[in-house]
>>> print(open('input_21.tsv').read())   # TSV, N, CA and C atoms
chain	number	residue	atom	x	y	z
R	1	MET	N	26.66	-17.54	-139.26
R	1	MET	CA	27.61	-17.20	-138.21
R	1	MET	C	26.87	-16.70	-136.97
R	2	ILE	N	27.22	-17.25	-135.85
R	2	ILE	CA	26.60	-16.87	-134.59
R	2	ILE	C	27.36	-15.68	-134.02
R	3	LYS	N	26.61	-14.65	-133.64
R	3	LYS	CA	27.25	-13.47	-133.07
R	3	LYS	C	26.32	-12.80	-132.07
R	4	LYS	N	26.93	-11.99	-131.24
R	4	LYS	CA	26.14	-11.20	-130.29
R	4	LYS	C	25.56	-9.99	-131.02
R	5	HIS	N	24.60	-9.36	-130.38
R	5	HIS	CA	23.93	-8.19	-130.95
R	5	HIS	C	23.98	-7.01	-129.98
R	6	PRO	N	25.18	-6.46	-129.74
R	6	PRO	CA	25.26	-5.33	-128.81
R	6	PRO	C	24.49	-4.12	-129.35
R	7	LEU	N	23.90	-3.37	-128.44
R	7	LEU	CA	23.07	-2.24	-128.84
R	7	LEU	C	23.84	-1.19	-129.63
R	8	ALA	N	25.10	-0.98	-129.31
R	8	ALA	CA	25.89	0.01	-130.05
R	8	ALA	C	26.04	-0.38	-131.51
R	9	GLU	N	26.02	-1.67	-131.81
R	9	GLU	CA	26.07	-2.12	-133.20
R	9	GLU	C	24.68	-2.16	-133.83
R	10	GLU	N	23.69	-2.43	-133.02
R	10	GLU	CA	22.31	-2.46	-133.53
R	10	GLU	C	21.84	-1.05	-133.87
R	11	PHE	N	22.27	-0.08	-133.07
R	11	PHE	CA	21.89	1.32	-133.27
R	11	PHE	C	23.16	2.19	-133.29
R	12	PRO	N	23.99	2.08	-134.32
R	12	PRO	CA	25.25	2.84	-134.33
R	12	PRO	C	25.04	4.35	-134.29
R	13	GLU	N	23.92	4.81	-134.83
R	13	GLU	CA	23.64	6.25	-134.82
R	13	GLU	C	23.34	6.77	-133.41
R	14	PHE	N	23.08	5.85	-132.47
R	14	PHE	CA	22.77	6.24	-131.09
R	14	PHE	C	23.86	5.79	-130.11
R	15	ALA	N	25.01	5.38	-130.59
R	15	ALA	CA	26.06	4.83	-129.72
R	15	ALA	C	26.42	5.79	-128.58
R	16	GLU	N	26.59	7.05	-128.91
R	16	GLU	CA	26.95	8.04	-127.88
R	16	GLU	C	25.81	8.23	-126.88
R	17	LYS	N	24.58	8.30	-127.39
R	17	LYS	CA	23.41	8.48	-126.52
R	17	LYS	C	23.21	7.27	-125.61
R	18	ILE	N	23.46	6.07	-126.13
R	18	ILE	CA	23.36	4.86	-125.32
R	18	ILE	C	24.33	4.94	-124.15
R	19	HIS	N	25.56	5.34	-124.44
R	19	HIS	CA	26.55	5.46	-123.37
R	19	HIS	C	26.12	6.51	-122.33
R	20	GLU	N	25.66	7.66	-122.79
R	20	GLU	CA	25.21	8.72	-121.88
R	20	GLU	C	24.08	8.22	-120.98
R	21	LEU	N	23.09	7.58	-121.57
R	21	LEU	CA	21.94	7.13	-120.80
R	21	LEU	C	22.31	6.03	-119.81
R	22	LYS	N	23.25	5.16	-120.19
R	22	LYS	CA	23.70	4.12	-119.25
R	22	LYS	C	24.29	4.74	-118.00
R	23	VAL	N	24.96	5.87	-118.16
R	23	VAL	CA	25.62	6.53	-117.03
R	23	VAL	C	24.63	7.39	-116.24
R	24	GLU	N	23.70	8.04	-116.94
R	24	GLU	CA	22.85	9.06	-116.31
R	24	GLU	C	21.46	8.58	-115.88
R	25	ASP	N	20.97	7.49	-116.46
R	25	ASP	CA	19.58	7.09	-116.23
R	25	ASP	C	19.54	5.64	-115.72
R	26	GLU	N	19.18	5.49	-114.45
R	26	GLU	CA	19.17	4.15	-113.83
R	26	GLU	C	18.17	3.21	-114.49
R	27	ASP	N	17.01	3.73	-114.90
R	27	ASP	CA	16.01	2.89	-115.56
R	27	ASP	C	16.52	2.39	-116.91
R	28	PHE	N	17.16	3.29	-117.66
R	28	PHE	CA	17.72	2.89	-118.94
R	28	PHE	C	18.83	1.86	-118.73
R	29	LYS	N	19.67	2.09	-117.73
R	29	LYS	CA	20.77	1.16	-117.43
R	29	LYS	C	20.22	-0.23	-117.11
R	30	ALA	N	19.14	-0.30	-116.34
R	30	ALA	CA	18.53	-1.59	-116.00
R	30	ALA	C	18.00	-2.28	-117.26
R	31	LEU	N	17.36	-1.52	-118.14
R	31	LEU	CA	16.85	-2.06	-119.39
R	31	LEU	C	18.01	-2.53	-120.28
R	32	TYR	N	19.05	-1.72	-120.36
R	32	TYR	CA	20.24	-2.07	-121.13
R	32	TYR	C	20.85	-3.37	-120.60
R	33	ASP	N	20.99	-3.47	-119.28
R	33	ASP	CA	21.58	-4.67	-118.67
R	33	ASP	C	20.72	-5.90	-118.94
R	34	GLU	N	19.40	-5.73	-118.89
R	34	GLU	CA	18.49	-6.85	-119.17
R	34	GLU	C	18.66	-7.32	-120.61
R	35	TYR	N	18.75	-6.37	-121.54
R	35	TYR	CA	18.97	-6.71	-122.95
R	35	TYR	C	20.31	-7.44	-123.10
R	36	ASP	N	21.35	-6.91	-122.49
R	36	ASP	CA	22.69	-7.49	-122.60
R	36	ASP	C	22.72	-8.92	-122.04
R	37	GLU	N	22.07	-9.14	-120.91
R	37	GLU	CA	22.02	-10.49	-120.32
R	37	GLU	C	21.27	-11.46	-121.23
R	38	LEU	N	20.15	-11.02	-121.78
R	38	LEU	CA	19.39	-11.86	-122.71
R	38	LEU	C	20.22	-12.18	-123.96
R	39	ASP	N	20.89	-11.16	-124.48
R	39	ASP	CA	21.72	-11.36	-125.67
R	39	ASP	C	22.82	-12.39	-125.39
R	40	HIS	N	23.41	-12.30	-124.23
R	40	HIS	CA	24.46	-13.24	-123.84
R	40	HIS	C	23.88	-14.66	-123.70
R	41	GLU	N	22.72	-14.75	-123.08
R	41	GLU	CA	22.07	-16.06	-122.91
R	41	GLU	C	21.73	-16.68	-124.27
R	42	ILE	N	21.20	-15.87	-125.17
R	42	ILE	CA	20.85	-16.35	-126.52
R	42	ILE	C	22.11	-16.80	-127.25
R	43	TYR	N	23.16	-16.01	-127.15
R	43	TYR	CA	24.43	-16.36	-127.79
R	43	TYR	C	24.94	-17.72	-127.29
R	44	ASN	N	24.87	-17.93	-125.98
R	44	ASN	CA	25.32	-19.20	-125.41
R	44	ASN	C	24.48	-20.38	-125.91
R	45	ILE	N	23.20	-20.17	-126.06
R	45	ILE	CA	22.32	-21.23	-126.56
R	45	ILE	C	22.64	-21.50	-128.03
R	46	GLU	N	22.75	-20.44	-128.82
R	46	GLU	CA	23.05	-20.62	-130.24
R	46	GLU	C	24.42	-21.24	-130.47
R	47	SER	N	25.35	-20.98	-129.56
R	47	SER	CA	26.70	-21.55	-129.65
R	47	SER	C	26.76	-22.95	-129.07
R	48	GLU	N	25.63	-23.42	-128.58
R	48	GLU	CA	25.49	-24.74	-127.98
R	48	GLU	C	26.29	-24.91	-126.70
R	49	VAL	N	26.59	-23.79	-126.03
R	49	VAL	CA	27.21	-23.83	-124.72
R	49	VAL	C	26.15	-24.24	-123.69
R	50	ASP	N	24.96	-23.67	-123.83
R	50	ASP	CA	23.82	-23.97	-122.96
R	50	ASP	C	22.63	-24.40	-123.82
R	51	PRO	N	22.62	-25.63	-124.30
R	51	PRO	CA	21.53	-26.05	-125.19
R	51	PRO	C	20.17	-26.01	-124.49
R	52	THR	N	19.16	-25.72	-125.28
R	52	THR	CA	17.79	-25.71	-124.79
R	52	THR	C	16.86	-25.98	-125.96
R	53	SER	N	15.58	-25.96	-125.73
R	53	SER	CA	14.62	-26.23	-126.80
R	53	SER	C	14.49	-25.00	-127.71
R	54	ASP	N	14.01	-25.25	-128.91
R	54	ASP	CA	13.76	-24.16	-129.85
R	54	ASP	C	12.70	-23.21	-129.31
R	55	GLU	N	11.73	-23.77	-128.59
R	55	GLU	CA	10.66	-22.94	-128.02
R	55	GLU	C	11.23	-21.93	-127.02
R	56	VAL	N	12.09	-22.39	-126.15
R	56	VAL	CA	12.71	-21.49	-125.16
R	56	VAL	C	13.55	-20.44	-125.88
R	57	LEU	N	14.35	-20.86	-126.84
R	57	LEU	CA	15.19	-19.92	-127.59
R	57	LEU	C	14.34	-18.87	-128.29
R	58	ASN	N	13.26	-19.29	-128.90
R	58	ASN	CA	12.38	-18.33	-129.58
R	58	ASN	C	11.75	-17.35	-128.60
R	59	GLN	N	11.35	-17.81	-127.43
R	59	GLN	CA	10.79	-16.91	-126.42
R	59	GLN	C	11.83	-15.88	-125.96
R	60	LEU	N	13.06	-16.32	-125.80
R	60	LEU	CA	14.13	-15.39	-125.41
R	60	LEU	C	14.37	-14.35	-126.51
R	61	ARG	N	14.34	-14.79	-127.75
R	61	ARG	CA	14.52	-13.86	-128.87
R	61	ARG	C	13.39	-12.84	-128.93
R	62	ILE	N	12.18	-13.28	-128.67
R	62	ILE	CA	11.03	-12.37	-128.66
R	62	ILE	C	11.19	-11.34	-127.54
R	63	GLU	N	11.62	-11.78	-126.37
R	63	GLU	CA	11.82	-10.86	-125.25
R	63	GLU	C	12.95	-9.87	-125.56
R	64	ARG	N	14.03	-10.36	-126.18
R	64	ARG	CA	15.13	-9.46	-126.54
R	64	ARG	C	14.63	-8.40	-127.53
R	65	LEU	N	13.83	-8.80	-128.48
R	65	LEU	CA	13.29	-7.87	-129.45
R	65	LEU	C	12.36	-6.84	-128.80
R	66	ARG	N	11.55	-7.30	-127.84
R	66	ARG	CA	10.66	-6.37	-127.12
R	66	ARG	C	11.47	-5.30	-126.40
R	67	ILE	N	12.53	-5.73	-125.73
R	67	ILE	CA	13.38	-4.79	-125.00
R	67	ILE	C	14.10	-3.86	-125.97
R	68	LYS	N	14.57	-4.42	-127.07
R	68	LYS	CA	15.25	-3.61	-128.09
R	68	LYS	C	14.30	-2.53	-128.63
R	69	ASP	N	13.05	-2.88	-128.88
R	69	ASP	CA	12.06	-1.91	-129.35
R	69	ASP	C	11.83	-0.82	-128.31
R	70	GLU	N	11.76	-1.22	-127.05
R	70	GLU	CA	11.57	-0.24	-125.97
R	70	GLU	C	12.76	0.71	-125.89
R	71	ILE	N	13.95	0.18	-126.00
R	71	ILE	CA	15.15	1.00	-125.98
R	71	ILE	C	15.16	1.95	-127.18
R	72	TYR	N	14.78	1.46	-128.34
R	72	TYR	CA	14.73	2.30	-129.53
R	72	TYR	C	13.76	3.47	-129.33
R	73	GLU	N	12.62	3.21	-128.76
R	73	GLU	CA	11.65	4.27	-128.51
R	73	GLU	C	12.22	5.32	-127.56
R	74	ILE	N	12.95	4.89	-126.55
R	74	ILE	CA	13.60	5.83	-125.63
R	74	ILE	C	14.63	6.66	-126.37
R	75	LEU	N	15.45	6.02	-127.18
R	75	LEU	CA	16.49	6.72	-127.93
R	75	LEU	C	15.88	7.72	-128.91
R	76	LYS	N	14.82	7.33	-129.60
R	76	LYS	CA	14.14	8.25	-130.51
R	76	LYS	C	13.58	9.44	-129.76
R	77	GLY	N	12.99	9.19	-128.60
R	77	GLY	CA	12.42	10.27	-127.80
R	77	GLY	C	13.48	11.23	-127.32
R	78	GLU	N	14.65	10.71	-126.95
R	78	GLU	CA	15.76	11.56	-126.51
R	78	GLU	C	16.25	12.44	-127.66
R	79	GLU	N	16.25	11.89	-128.86
R	79	GLU	CA	16.73	12.62	-130.02
R	79	GLU	C	15.82	13.81	-130.34
R	80	GLU	N	14.52	13.65	-130.10
R	80	GLU	CA	13.55	14.69	-130.42
R	80	GLU	C	13.57	15.83	-129.43
R	81	GLU	N	14.15	15.62	-128.26
R	81	GLU	CA	14.15	16.66	-127.23
R	81	GLU	C	15.14	17.75	-127.54
>>> encode(input="input_21.tsv", output="structure tokens")
Amino acid sequence: MIKKHPLAEEFPEFAEKIHELKVEDEDFKALYDEYDELDHEIYNIESEVDPTSDEVLNQLRIERLRIKDEIYEILKGEEEE
């Protein structure tokens, strides 16, 4: 089943913190928006709305994962403060 991967579902334990940071931190908001746009683009490719090569799709997935890891590190750091 093809589905989107919103951050609130990927990190349910940080849902409230994600919302707070989106409102309060412009850098986090930009990173969040970049992740969301990539996730949407990947979803469209997987749904065959915007077909592309497997190589392009894999590169997009790698970039989404890199951003997700960066967001996770920010969220973990916020939790420790």
>>> residues_around(input="input_21.tsv", residues="R:Leu75", least_positions_apart="3", cutoff="10 Å", atoms="only C-alpha atoms", output="ChimeraX atom specification")
/R:11,13-15,17-18,21,28,69-72,78-80
>>> residues_near_point(input="input_21.tsv", point="(14.9, -17.6, -131.0)", cutoff="12 Å", atoms="only C-alpha atoms", output="list of chain:residue names")
R:Leu38, R:Asp39, R:Glu41, R:Ile42, R:Tyr43, R:Asn44, R:Ile45, R:Glu46, R:Thr52, R:Ser53, R:Asp54, R:Glu55, R:Val56, R:Leu57, R:Asn58, R:Gln59, R:Leu60, R:Arg61, R:Ile62, R:Glu63, R:Arg64, R:Leu65
>>> residues_around(input="input_21.tsv", residues="R:Pro6", least_positions_apart="5", cutoff="10 Å", atoms="only C-alpha atoms", output="list of chain:residue names")
R:Phe11, R:Pro12, R:Tyr32, R:Tyr35, R:Asp36, R:Asp39, R:His40
>>> closest_residue(input="input_21.tsv", among="R:Lys76, R:Lys29, R:Lys68, R:Lys22", to="R:Leu7", atoms="only C-alpha atoms")
R:Lys68
>>> atom_distance(input="input_21.tsv", atom1="atom CA of R:Arg66", atom2="atom C of R:Glu34")
10.4 Å
>>> atom_distance(input="input_21.tsv", atom1="atom N of R:Glu26", atom2="atom N of R:His5")
22.4 Å
>>> select_by_dssp(input="input_21.tsv", residues="chain R", states="helix (DSSP H, G or I)", output="number ranges by chain")
R: 7-10, 12-24, 26-46, 54-80
>>> atom_distance(input="input_21.tsv", atom1="atom CA of R:Val49", atom2="atom CA of R:Ile2")
12.1 Å
>>> decode(input="input_21.tsv", residues="stretch 50-80 of chain R", atoms="N, CA and C atoms", output="PDB file, in the first residue's frame")
ATOM      1  N   ASP R  50       3.258  10.960 -11.181  1.00  0.00           N
ATOM      2  CA  ASP R  50       4.437  11.553 -11.821  1.00  0.00           C
ATOM      3  C   ASP R  50       5.508  10.479 -11.984  1.00  0.00           C
ATOM      4  N   PRO R  51       5.380   9.606 -12.970  1.00  0.00           N
ATOM      5  CA  PRO R  51       6.359   8.520 -13.109  1.00  0.00           C
ATOM      6  C   PRO R  51       7.769   9.049 -13.380  1.00  0.00           C
ATOM      7  N   THR R  52       8.738   8.303 -12.884  1.00  0.00           N
ATOM      8  CA  THR R  52      10.141   8.626 -13.110  1.00  0.00           C
ATOM      9  C   THR R  52      10.945   7.339 -12.999  1.00  0.00           C
ATOM     10  N   SER R  53      12.237   7.438 -13.122  1.00  0.00           N
ATOM     11  CA  SER R  53      13.083   6.247 -13.048  1.00  0.00           C
ATOM     12  C   SER R  53      13.244   5.794 -11.592  1.00  0.00           C
ATOM     13  N   ASP R  54      13.602   4.541 -11.431  1.00  0.00           N
ATOM     14  CA  ASP R  54      13.867   4.007 -10.092  1.00  0.00           C
ATOM     15  C   ASP R  54      15.042   4.733  -9.444  1.00  0.00           C
ATOM     16  N   GLU R  55      16.011   5.113 -10.263  1.00  0.00           N
ATOM     17  CA  GLU R  55      17.188   5.814  -9.740  1.00  0.00           C
ATOM     18  C   GLU R  55      16.789   7.156  -9.115  1.00  0.00           C
ATOM     19  N   VAL R  56      15.958   7.900  -9.804  1.00  0.00           N
ATOM     20  CA  VAL R  56      15.495   9.192  -9.276  1.00  0.00           C
ATOM     21  C   VAL R  56      14.690   8.971  -8.002  1.00  0.00           C
ATOM     22  N   LEU R  57      13.790   8.010  -8.021  1.00  0.00           N
ATOM     23  CA  LEU R  57      12.970   7.719  -6.845  1.00  0.00           C
ATOM     24  C   LEU R  57      13.846   7.338  -5.654  1.00  0.00           C
ATOM     25  N   ASN R  58      14.835   6.512  -5.886  1.00  0.00           N
ATOM     26  CA  ASN R  58      15.725   6.115  -4.793  1.00  0.00           C
ATOM     27  C   ASN R  58      16.512   7.298  -4.245  1.00  0.00           C
ATOM     28  N   GLN R  59      16.963   8.192  -5.110  1.00  0.00           N
ATOM     29  CA  GLN R  59      17.680   9.386  -4.647  1.00  0.00           C
ATOM     30  C   GLN R  59      16.766  10.270  -3.785  1.00  0.00           C
ATOM     31  N   LEU R  60      15.516  10.404  -4.195  1.00  0.00           N
ATOM     32  CA  LEU R  60      14.566  11.190  -3.407  1.00  0.00           C
ATOM     33  C   LEU R  60      14.320  10.544  -2.045  1.00  0.00           C
ATOM     34  N   ARG R  61      14.217   9.234  -2.027  1.00  0.00           N
ATOM     35  CA  ARG R  61      14.020   8.525  -0.753  1.00  0.00           C
ATOM     36  C   ARG R  61      15.225   8.699   0.169  1.00  0.00           C
ATOM     37  N   ILE R  62      16.411   8.667  -0.392  1.00  0.00           N
ATOM     38  CA  ILE R  62      17.630   8.872   0.402  1.00  0.00           C
ATOM     39  C   ILE R  62      17.646  10.280   0.982  1.00  0.00           C
ATOM     40  N   GLU R  63      17.272  11.266   0.181  1.00  0.00           N
ATOM     41  CA  GLU R  63      17.236  12.653   0.669  1.00  0.00           C
ATOM     42  C   GLU R  63      16.176  12.815   1.752  1.00  0.00           C
ATOM     43  N   ARG R  64      15.012  12.182   1.565  1.00  0.00           N
ATOM     44  CA  ARG R  64      13.963  12.261   2.592  1.00  0.00           C
ATOM     45  C   ARG R  64      14.466  11.651   3.897  1.00  0.00           C
ATOM     46  N   LEU R  65      15.151  10.542   3.811  1.00  0.00           N
ATOM     47  CA  LEU R  65      15.688   9.897   5.001  1.00  0.00           C
ATOM     48  C   LEU R  65      16.743  10.764   5.685  1.00  0.00           C
ATOM     49  N   ARG R  66      17.589  11.415   4.891  1.00  0.00           N
ATOM     50  CA  ARG R  66      18.609  12.314   5.466  1.00  0.00           C
ATOM     51  C   ARG R  66      17.946  13.439   6.250  1.00  0.00           C
ATOM     52  N   ILE R  67      16.908  14.028   5.669  1.00  0.00           N
ATOM     53  CA  ILE R  67      16.198  15.120   6.340  1.00  0.00           C
ATOM     54  C   ILE R  67      15.484  14.600   7.586  1.00  0.00           C
ATOM     55  N   LYS R  68      14.884  13.428   7.466  1.00  0.00           N
ATOM     56  CA  LYS R  68      14.196  12.826   8.613  1.00  0.00           C
ATOM     57  C   LYS R  68      15.180  12.594   9.758  1.00  0.00           C
ATOM     58  N   ASP R  69      16.375  12.106   9.458  1.00  0.00           N
ATOM     59  CA  ASP R  69      17.403  11.900  10.480  1.00  0.00           C
ATOM     60  C   ASP R  69      17.799  13.220  11.131  1.00  0.00           C
ATOM     61  N   GLU R  70      17.936  14.253  10.320  1.00  0.00           N
ATOM     62  CA  GLU R  70      18.296  15.579  10.843  1.00  0.00           C
ATOM     63  C   GLU R  70      17.197  16.100  11.766  1.00  0.00           C
ATOM     64  N   ILE R  71      15.962  15.934  11.364  1.00  0.00           N
ATOM     65  CA  ILE R  71      14.831  16.359  12.193  1.00  0.00           C
ATOM     66  C   ILE R  71      14.807  15.563  13.498  1.00  0.00           C
ATOM     67  N   TYR R  72      15.054  14.271  13.418  1.00  0.00           N
ATOM     68  CA  TYR R  72      15.071  13.442  14.624  1.00  0.00           C
ATOM     69  C   TYR R  72      16.144  13.927  15.600  1.00  0.00           C
ATOM     70  N   GLU R  73      17.310  14.258  15.096  1.00  0.00           N
ATOM     71  CA  GLU R  73      18.381  14.750  15.963  1.00  0.00           C
ATOM     72  C   GLU R  73      17.970  16.062  16.642  1.00  0.00           C
ATOM     73  N   ILE R  74      17.286  16.924  15.919  1.00  0.00           N
ATOM     74  CA  ILE R  74      16.796  18.178  16.507  1.00  0.00           C
ATOM     75  C   ILE R  74      15.784  17.874  17.600  1.00  0.00           C
ATOM     76  N   LEU R  75      14.851  16.983  17.316  1.00  0.00           N
ATOM     77  CA  LEU R  75      13.818  16.632  18.288  1.00  0.00           C
ATOM     78  C   LEU R  75      14.419  15.993  19.538  1.00  0.00           C
ATOM     79  N   LYS R  76      15.390  15.105  19.355  1.00  0.00           N
ATOM     80  CA  LYS R  76      16.068  14.493  20.501  1.00  0.00           C
ATOM     81  C   LYS R  76      16.784  15.551  21.330  1.00  0.00           C
ATOM     82  N   GLY R  77      17.441  16.481  20.662  1.00  0.00           N
ATOM     83  CA  GLY R  77      18.151  17.543  21.368  1.00  0.00           C
ATOM     84  C   GLY R  77      17.217  18.433  22.150  1.00  0.00           C
ATOM     85  N   GLU R  78      16.048  18.720  21.597  1.00  0.00           N
ATOM     86  CA  GLU R  78      15.047  19.528  22.286  1.00  0.00           C
ATOM     87  C   GLU R  78      14.542  18.809  23.540  1.00  0.00           C
ATOM     88  N   GLU R  79      14.398  17.504  23.441  1.00  0.00           N
ATOM     89  CA  GLU R  79      13.890  16.712  24.555  1.00  0.00           C
ATOM     90  C   GLU R  79      14.862  16.725  25.729  1.00  0.00           C
ATOM     91  N   GLU R  80      16.159  16.763  25.434  1.00  0.00           N
ATOM     92  CA  GLU R  80      17.185  16.723  26.470  1.00  0.00           C
ATOM     93  C   GLU R  80      17.337  18.040  27.194  1.00  0.00           C
TER      94      GLU R  80
END
